[in-house]
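J.: First the structure, then my questions, so here it is.
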There are 2 protein chains.
Amino acid sequence: MVSKTVVTAFQSAGHDHQRCLEDALAYAAETCARRGVRLTRLREQVLRLVWGNHEPVKAYDLLESLRRDHEGAAPPTVYRALDFLLKEGLIHRIESLNAYIGCGDPSSPHTGQFLICRKCNSVAELNDPEIGELIASKTKQIGFKMDHQTIELSGICPKCSG
Amino acid sequence: MVSKTVVTAFQSAGHDHQRCLEDALAYAAETCARRGVRLTRLREQVLRLVWGNHEPVKAYDLLESLRRDHEGAAPPTVYRALDFLLKEGLIHRIESLNAYIGCGDPSSPHTGQFLICRKCNSVAELNDPEIGELIASKTKQIGFKMDHQTIELSGICPKCSG
DNA sequence: CAATTAATGTAATGTTATAACATCGACCCA
DNA sequence: TGGGTCGATGTTATAACATTACATTAATTG
Ligand SMILES: [Zn+2]
Ligand SMILES: [Zn+2]
Ligand SMILES: [Zn+2]
Ligand SMILES: [Zn+2]
């Protein structure tokens with residue numbers, strides 16, 4: 001998969017999410033295999049839950065879902081899986097929501113630029129190099145050595161404003 | 001005060017923070033008076049504590065400080081004051097740190113772009129129109145009606161890398 | 001098959017934030 | 001000046017988010 005500016009678009013009505021989900025899981029499995037890290041049953045299940053839709057998911061909601069077929073799940077169960085998935089770039093954390101969302105392109109590490117619809121809660125992810133580079137150059141000008149960007153944009157998505 | 005790109009710079013060694021603090025408080029008082037809102041003793045005290053230095057401050061640290069001369073302070077005491085100060089644009093919330101920092105230019109509402117040093121914890125605030133407008137134009141292109149930006153950049157400040 | 005390390009289980013606790021209702025105090029207007 | 005109104009604060013409890021610490025189990029390696 002080649003790097004793209006719109007990593008995950010706002011989804012249209014006809015979106016085949018079952019397919020979208022299975023693709024993401026297959027791609028994650030492949031990515032982990034290539035890297036020699038273990039996408040265990042538990043981690044895969046959490047990833048599947050995060051990918052349940054295109055909305056950010058909260059840790060304790062994941063915990064509740066997880067408990068449906070994983071009786072002993074506790075907060076560390078979820079947070080450890082999330083830490084792994086974050087580290088491998090399979091999901092992103094949305095700081096302004098304390099929530100997590102699947103990444104459509106874990107091939108190369110990136111921080112992403114998130115468009116969050118405050119009406120329907122859906123999220124699109126950009127990885128726009130112009131934005132990243134403009135910010136990098138502006139911060140460099142004032143002597144700042146940037147190593148991470150958090151960019152979260154709140155508003156109304158095309159579907160909700162249409 | 002005219003709008004500036006670097007709202008709050010990284011501070012140099014000789015920085016007269018006492019002066020900086022008093023200016024900010026005076027400016028806040030003036031701004032509130034102009035708007036007809038009440039910068040009460042409590043709110044001013046919280047603002048003073050947030051402006052204690054150029055590092056983000058956590059709500060429960062504020063609470064602890066506040067209790068030194070305000071015996072009955074409880075979480076709502078702090079959070080209500082913070083809500084007021086946020087609404088009036090006198091402080092900003094740093095989402096990635098769950099912390100709060102004074103705004104050097106509350107004259108016009110803005111969201112700010114924060115440079116956060118992960119070594120010394122100091123923060124600089126930009127309000128760079130090029131960044132804001134590039135992001136606005138990119139998001140508009142895909143039909144997103146943006147109404148709020150969260151931009152938080154982590155790295156090493158000039159003082160710490162020098 | 002032991003030894004080692006990674007992953008998960010389990011209990012407790014720490015940290016951040018809000019809800020709900022009571023009281024107080026500033027301000028306005030008879 | 002007294003009473004009404006509304007914004008601000010007090011107070012108690014709890015919700016929501018996250019980590020520590022230590023025990024146990026599973027995978028990997030020699
Ligand atoms: Zn989908
Ligand atoms: Zn991504
Ligand atoms: Zn200062
Ligand atoms: Zn500001």
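Residue names in the structure tokens use chain letters A, B, ... in the order shown, residue numbers from 1 in each chain, and ligand numbers from 1 in the order shown.
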Excluding A:Ile131 and any residue of its chain fewer than 2 positions from it, enumerate the residues within 12 Å of it, using only C-alpha atoms (C1' of nucleotides), and give them as a PyMOL selection string.
T.: (chain A and resi 5+111-113+126-129+133-138+149-151) or (chain B and resi 130-139+151)
J.: Just the residues within 12 Å of A:Gly162, please, counting only C-alpha atoms (C1' of nucleotides), with nothing from its chain fewer than 2 positions along; format it as a list of chain:residue names.
T.: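 Final neighbour list, sorted by chain and number: A:Ser12, A:Ile156, A:Cys157, A:Pro158, A:Lys159, A:Cys160, B:Gly143, B:Phe144, B:Lys145.
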J.: Just the alpha helix (DSSP H) stuff from stretch 64-147 of chain B, please, per backbone DSSP, written as a VMD selection string.
T.: chain B and resid 64 to 67 75 to 87 129 to 141
J.: Restricted to C-alpha atoms, what would the selected residues look like written as an mmCIF file, in the first residue's frame?
T.:
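Output contents, as saved in part_1.cif:
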```cif
data_model
loop_
_atom_site.group_PDB
_atom_site.id
_atom_site.type_symbol
_atom_site.label_atom_id
_atom_site.label_comp_id
_atom_site.auth_asym_id
_atom_site.auth_seq_id
_atom_site.Cartn_x
_atom_site.Cartn_y
_atom_site.Cartn_z
ATOM 1 C CA GLU B 64 -3.552 21.729 46.288
ATOM 2 C CA SER B 65 -2.026 25.197 45.880
ATOM 3 C CA LEU B 66 -5.396 26.831 46.198
ATOM 4 C CA ARG B 67 -6.037 25.086 49.494
ATOM 5 C CA PRO B 75 -12.500 19.819 42.669
ATOM 6 C CA PRO B 76 -15.503 21.817 41.448
ATOM 7 C CA THR B 77 -13.933 24.950 42.882
ATOM 8 C CA VAL B 78 -11.007 24.550 40.523
ATOM 9 C CA TYR B 79 -12.853 23.175 37.524
ATOM 10 C CA ARG B 80 -15.424 25.959 37.580
ATOM 11 C CA ALA B 81 -12.737 28.594 37.676
ATOM 12 C CA LEU B 82 -10.887 26.827 34.848
ATOM 13 C CA ASP B 83 -14.090 26.655 32.794
ATOM 14 C CA PHE B 84 -14.588 30.368 33.201
ATOM 15 C CA LEU B 85 -10.985 31.168 32.278
ATOM 16 C CA LEU B 86 -11.143 28.852 29.257
ATOM 17 C CA LYS B 87 -14.384 30.388 28.072
ATOM 18 C CA PRO B 129 -2.287 32.259 10.530
ATOM 19 C CA GLU B 130 -0.488 30.296 7.800
ATOM 20 C CA ILE B 131 -0.836 27.094 9.773
ATOM 21 C CA GLY B 132 -4.441 27.791 10.644
ATOM 22 C CA GLU B 133 -5.334 28.699 7.094
ATOM 23 C CA LEU B 134 -3.541 25.790 5.455
ATOM 24 C CA ILE B 135 -5.427 23.395 7.693
ATOM 25 C CA ALA B 136 -8.678 25.250 7.109
ATOM 26 C CA SER B 137 -8.238 25.052 3.347
ATOM 27 C CA LYS B 138 -7.259 21.370 3.380
ATOM 28 C CA THR B 139 -10.217 20.371 5.474
ATOM 29 C CA LYS B 140 -12.596 22.533 3.471
ATOM 30 C CA GLN B 141 -11.448 20.714 0.328
#
```
J.: Got a sec: who's within 7 Å of A:His92, counting only C-alpha atoms (C1' of nucleotides), leaving out chain neighbours fewer than 4 positions off, as a PDB file with N, CA and C atoms, in the first residue's frame?
T.:
```pdb
ATOM      1  N   LEU A  86      -0.988   0.848  19.732  1.00  0.00           N
ATOM      2  CA  LEU A  86      -0.476   2.207  19.511  1.00  0.00           C
ATOM      3  C   LEU A  86       0.979   2.159  19.071  1.00  0.00           C
ATOM      4  N   TYR A 100      -9.815   6.017  21.095  1.00  0.00           N
ATOM      5  CA  TYR A 100      -8.896   5.344  20.194  1.00  0.00           C
ATOM      6  C   TYR A 100      -9.594   5.034  18.884  1.00  0.00           C
ATOM      7  N   ILE A 101      -8.802   5.049  17.801  1.00  0.00           N
ATOM      8  CA  ILE A 101      -9.393   4.771  16.497  1.00  0.00           C
ATOM      9  C   ILE A 101      -8.399   4.020  15.640  1.00  0.00           C
ATOM     10  N   GLY A 102      -8.916   3.162  14.790  1.00  0.00           N
ATOM     11  CA  GLY A 102      -8.045   2.369  13.936  1.00  0.00           C
ATOM     12  C   GLY A 102      -7.315   3.221  12.919  1.00  0.00           C
ATOM     13  N   CYS A 103      -6.106   2.813  12.595  1.00  0.00           N
ATOM     14  CA  CYS A 103      -5.349   3.495  11.540  1.00  0.00           C
ATOM     15  C   CYS A 103      -5.435   2.695  10.262  1.00  0.00           C
TER      16      CYS A 103
END
```
J.: Using only C-alpha atoms (C1' of nucleotides) and all ligand atoms, which residues of the polymer chains come no farther than 9 Å from ligand 3? I'd like the answer as a ChimeraX atom specification.
T.: /B:8,11,15-21,24,51-54
J.: Could you pull the residues within 12 Å of D:DT14, counting only C-alpha atoms (C1' of nucleotides), minus those fewer than 2 positions along the same chain, as a list of chain:residue names?
T.: C:DA17, C:DT18, C:DA19, C:DA20, D:DT12, D:DA16
J.: Running DSSP on the backbone, which parts of chain A land in strand (DSSP E or B), as a PyMOL selection string?
T.: chain A and resi 6-8+57+91-94+99-102+113-117+123-126+145-156
J.: So, with only C-alpha atoms (C1' of nucleotides) as the atoms that count, which of B:Arg93, B:Lys4, B:Arg48, B:His70 lies closest to chain D?
T.: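 Nearest to chain D: B:His70.
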J.: Report as a Markdown table the residues of chain D within 9 Å of chain B, each with its shortest atom pair and distance in Å (one decimal), using only C-alpha atoms (C1' of nucleotides), ordered by chain and increasing residue number.
T.:
```
| residue | atom | partner | partner_atom | distance |
| --- | --- | --- | --- | --- |
| D:DA8 | C1' | B:Thr40 | CA | 8.9 |
| D:DT9 | C1' | B:Thr77 | CA | 7.4 |
| D:DG10 | C1' | B:Gly72 | CA | 7.6 |
| D:DT11 | C1' | B:Ala74 | CA | 8.3 |
```
J.: Hey, what's within 8 Å of B:Asp105 if we count only C-alpha atoms (C1' of nucleotides) and toss same-chain stuff fewer than 2 positions away? As a VMD selection string, please?
T.: chain B and resid 1 3 7 90 103 107 to 108
J.: Since we have the selection now, will you write its residues out, keeping N, CA and C atoms, as a PDB file, in the first residue's frame?
T.:
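Result saved to result.pdb:
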```pdb
ATOM      1  N   MET B   1      -3.225  45.715  22.405  1.00  0.00           N
ATOM      2  CA  MET B   1      -2.202  44.742  21.978  1.00  0.00           C
ATOM      3  C   MET B   1      -2.579  44.185  20.609  1.00  0.00           C
ATOM      4  N   SER B   3      -2.445  41.539  17.482  1.00  0.00           N
ATOM      5  CA  SER B   3      -2.289  40.084  17.372  1.00  0.00           C
ATOM      6  C   SER B   3      -0.911  39.721  16.847  1.00  0.00           C
ATOM      7  N   VAL B   7       2.580  34.074  20.350  1.00  0.00           N
ATOM      8  CA  VAL B   7       1.794  34.645  21.443  1.00  0.00           C
ATOM      9  C   VAL B   7       2.607  34.620  22.727  1.00  0.00           C
ATOM     10  N   LEU B  90      -8.672  33.190  28.630  1.00  0.00           N
ATOM     11  CA  LEU B  90      -7.544  33.645  29.455  1.00  0.00           C
ATOM     12  C   LEU B  90      -6.530  32.525  29.668  1.00  0.00           C
ATOM     13  N   CYS B 103      -2.855  32.140  28.623  1.00  0.00           N
ATOM     14  CA  CYS B 103      -2.759  32.676  27.265  1.00  0.00           C
ATOM     15  C   CYS B 103      -2.250  34.103  27.336  1.00  0.00           C
ATOM     16  N   SER B 107      -7.074  38.808  23.814  1.00  0.00           N
ATOM     17  CA  SER B 107      -7.865  39.867  23.185  1.00  0.00           C
ATOM     18  C   SER B 107      -8.845  39.303  22.164  1.00  0.00           C
ATOM     19  N   SER B 108      -8.374  38.352  21.339  1.00  0.00           N
ATOM     20  CA  SER B 108      -9.290  37.762  20.371  1.00  0.00           C
ATOM     21  C   SER B 108      -9.272  36.252  20.532  1.00  0.00           C
TER      22      SER B 108
END
```
J.: Which one is closest to chain A: B:Arg35, B:Arg118, B:Glu95, B:Glu71? Count only C-alpha atoms.
T.: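 The closest residue to chain A is B:Glu95.
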J.: Name all residues at most 12 Å from D:DT28 (count only C-alpha atoms (C1' of nucleotides); drop same-chain ones fewer than 5 positions away) and give them as a list in words.
T.: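 Answer for this query is DA3, DT4, DT5 and DA6 of chain C.
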J.: Restrict the selected residues to all heavy atoms and save them as a PDB file, in the first residue's frame.
T.:
```pdb
ATOM      1  P    DA C   3      16.415 -25.005  35.351  1.00  0.00           P
ATOM      2  OP1  DA C   3      17.715 -25.125  36.076  1.00  0.00           O
ATOM      3  OP2  DA C   3      15.148 -24.863  36.092  1.00  0.00           O
ATOM      4  O5'  DA C   3      16.551 -23.796  34.323  1.00  0.00           O
ATOM      5  C5'  DA C   3      17.541 -23.871  33.293  1.00  0.00           C
ATOM      6  C4'  DA C   3      17.402 -22.643  32.427  1.00  0.00           C
ATOM      7  O4'  DA C   3      16.321 -22.833  31.496  1.00  0.00           O
ATOM      8  C3'  DA C   3      17.096 -21.371  33.217  1.00  0.00           C
ATOM      9  O3'  DA C   3      17.959 -20.356  32.751  1.00  0.00           O
ATOM     10  C2'  DA C   3      15.630 -21.078  32.892  1.00  0.00           C
ATOM     11  C1'  DA C   3      15.485 -21.696  31.507  1.00  0.00           C
ATOM     12  N9   DA C   3      14.141 -22.171  31.172  1.00  0.00           N
ATOM     13  C8   DA C   3      13.310 -22.918  31.962  1.00  0.00           C
ATOM     14  N7   DA C   3      12.168 -23.236  31.380  1.00  0.00           N
ATOM     15  C5   DA C   3      12.272 -22.644  30.121  1.00  0.00           C
ATOM     16  C6   DA C   3      11.391 -22.610  29.024  1.00  0.00           C
ATOM     17  N6   DA C   3      10.201 -23.204  29.010  1.00  0.00           N
ATOM     18  N1   DA C   3      11.799 -21.939  27.924  1.00  0.00           N
ATOM     19  C2   DA C   3      13.003 -21.343  27.942  1.00  0.00           C
ATOM     20  N3   DA C   3      13.913 -21.309  28.912  1.00  0.00           N
ATOM     21  C4   DA C   3      13.476 -21.986  29.984  1.00  0.00           C
ATOM     22  P    DT C   4      17.917 -18.925  33.420  1.00  0.00           P
ATOM     23  OP1  DT C   4      19.286 -18.372  33.391  1.00  0.00           O
ATOM     24  OP2  DT C   4      17.170 -19.026  34.690  1.00  0.00           O
ATOM     25  O5'  DT C   4      17.044 -18.106  32.373  1.00  0.00           O
ATOM     26  C5'  DT C   4      17.435 -18.136  30.987  1.00  0.00           C
ATOM     27  C4'  DT C   4      16.399 -17.426  30.161  1.00  0.00           C
ATOM     28  O4'  DT C   4      15.208 -18.232  30.045  1.00  0.00           O
ATOM     29  C3'  DT C   4      15.944 -16.087  30.729  1.00  0.00           C
ATOM     30  O3'  DT C   4      16.242 -15.092  29.762  1.00  0.00           O
ATOM     31  C2'  DT C   4      14.441 -16.260  30.972  1.00  0.00           C
ATOM     32  C1'  DT C   4      14.090 -17.381  30.011  1.00  0.00           C
ATOM     33  N1   DT C   4      12.904 -18.192  30.358  1.00  0.00           N
ATOM     34  C2   DT C   4      11.968 -18.418  29.384  1.00  0.00           C
ATOM     35  O2   DT C   4      12.049 -17.972  28.259  1.00  0.00           O
ATOM     36  N3   DT C   4      10.910 -19.201  29.776  1.00  0.00           N
ATOM     37  C4   DT C   4      10.693 -19.769  31.030  1.00  0.00           C
ATOM     38  O4   DT C   4       9.704 -20.459  31.253  1.00  0.00           O
ATOM     39  C5   DT C   4      11.716 -19.483  32.004  1.00  0.00           C
ATOM     40  C7   DT C   4      11.576 -20.036  33.392  1.00  0.00           C
ATOM     41  C6   DT C   4      12.755 -18.718  31.627  1.00  0.00           C
ATOM     42  P    DT C   5      16.074 -13.553  30.116  1.00  0.00           P
ATOM     43  OP1  DT C   5      17.206 -12.870  29.469  1.00  0.00           O
ATOM     44  OP2  DT C   5      15.782 -13.417  31.562  1.00  0.00           O
ATOM     45  O5'  DT C   5      14.743 -13.166  29.319  1.00  0.00           O
ATOM     46  C5'  DT C   5      14.626 -13.573  27.955  1.00  0.00           C
ATOM     47  C4'  DT C   5      13.185 -13.436  27.530  1.00  0.00           C
ATOM     48  O4'  DT C   5      12.379 -14.465  28.144  1.00  0.00           O
ATOM     49  C3'  DT C   5      12.534 -12.095  27.937  1.00  0.00           C
ATOM     50  O3'  DT C   5      11.987 -11.530  26.762  1.00  0.00           O
ATOM     51  C2'  DT C   5      11.482 -12.490  28.963  1.00  0.00           C
ATOM     52  C1'  DT C   5      11.150 -13.902  28.512  1.00  0.00           C
ATOM     53  N1   DT C   5      10.535 -14.799  29.543  1.00  0.00           N
ATOM     54  C2   DT C   5       9.477 -15.585  29.161  1.00  0.00           C
ATOM     55  O2   DT C   5       9.008 -15.589  28.040  1.00  0.00           O
ATOM     56  N3   DT C   5       8.976 -16.397  30.151  1.00  0.00           N
ATOM     57  C4   DT C   5       9.425 -16.481  31.456  1.00  0.00           C
ATOM     58  O4   DT C   5       8.888 -17.249  32.251  1.00  0.00           O
ATOM     59  C5   DT C   5      10.537 -15.626  31.788  1.00  0.00           C
ATOM     60  C7   DT C   5      11.102 -15.643  33.182  1.00  0.00           C
ATOM     61  C6   DT C   5      11.034 -14.833  30.828  1.00  0.00           C
ATOM     62  P    DA C   6      11.175 -10.142  26.792  1.00  0.00           P
ATOM     63  OP1  DA C   6      11.732  -9.286  25.724  1.00  0.00           O
ATOM     64  OP2  DA C   6      11.074  -9.657  28.181  1.00  0.00           O
ATOM     65  O5'  DA C   6       9.734 -10.602  26.334  1.00  0.00           O
ATOM     66  C5'  DA C   6       9.594 -11.422  25.179  1.00  0.00           C
ATOM     67  C4'  DA C   6       8.136 -11.805  25.069  1.00  0.00           C
ATOM     68  O4'  DA C   6       7.800 -12.673  26.178  1.00  0.00           O
ATOM     69  C3'  DA C   6       7.175 -10.626  25.152  1.00  0.00           C
ATOM     70  O3'  DA C   6       6.141 -10.867  24.220  1.00  0.00           O
ATOM     71  C2'  DA C   6       6.688 -10.646  26.595  1.00  0.00           C
ATOM     72  C1'  DA C   6       6.707 -12.141  26.905  1.00  0.00           C
ATOM     73  N9   DA C   6       6.944 -12.478  28.304  1.00  0.00           N
ATOM     74  C8   DA C   6       7.933 -12.016  29.128  1.00  0.00           C
ATOM     75  N7   DA C   6       7.901 -12.535  30.334  1.00  0.00           N
ATOM     76  C5   DA C   6       6.820 -13.397  30.300  1.00  0.00           C
ATOM     77  C6   DA C   6       6.253 -14.254  31.271  1.00  0.00           C
ATOM     78  N6   DA C   6       6.727 -14.382  32.507  1.00  0.00           N
ATOM     79  N1   DA C   6       5.170 -14.979  30.909  1.00  0.00           N
ATOM     80  C2   DA C   6       4.699 -14.850  29.656  1.00  0.00           C
ATOM     81  N3   DA C   6       5.144 -14.088  28.659  1.00  0.00           N
ATOM     82  C4   DA C   6       6.222 -13.378  29.055  1.00  0.00           C
TER      83       DA C   6
END
```
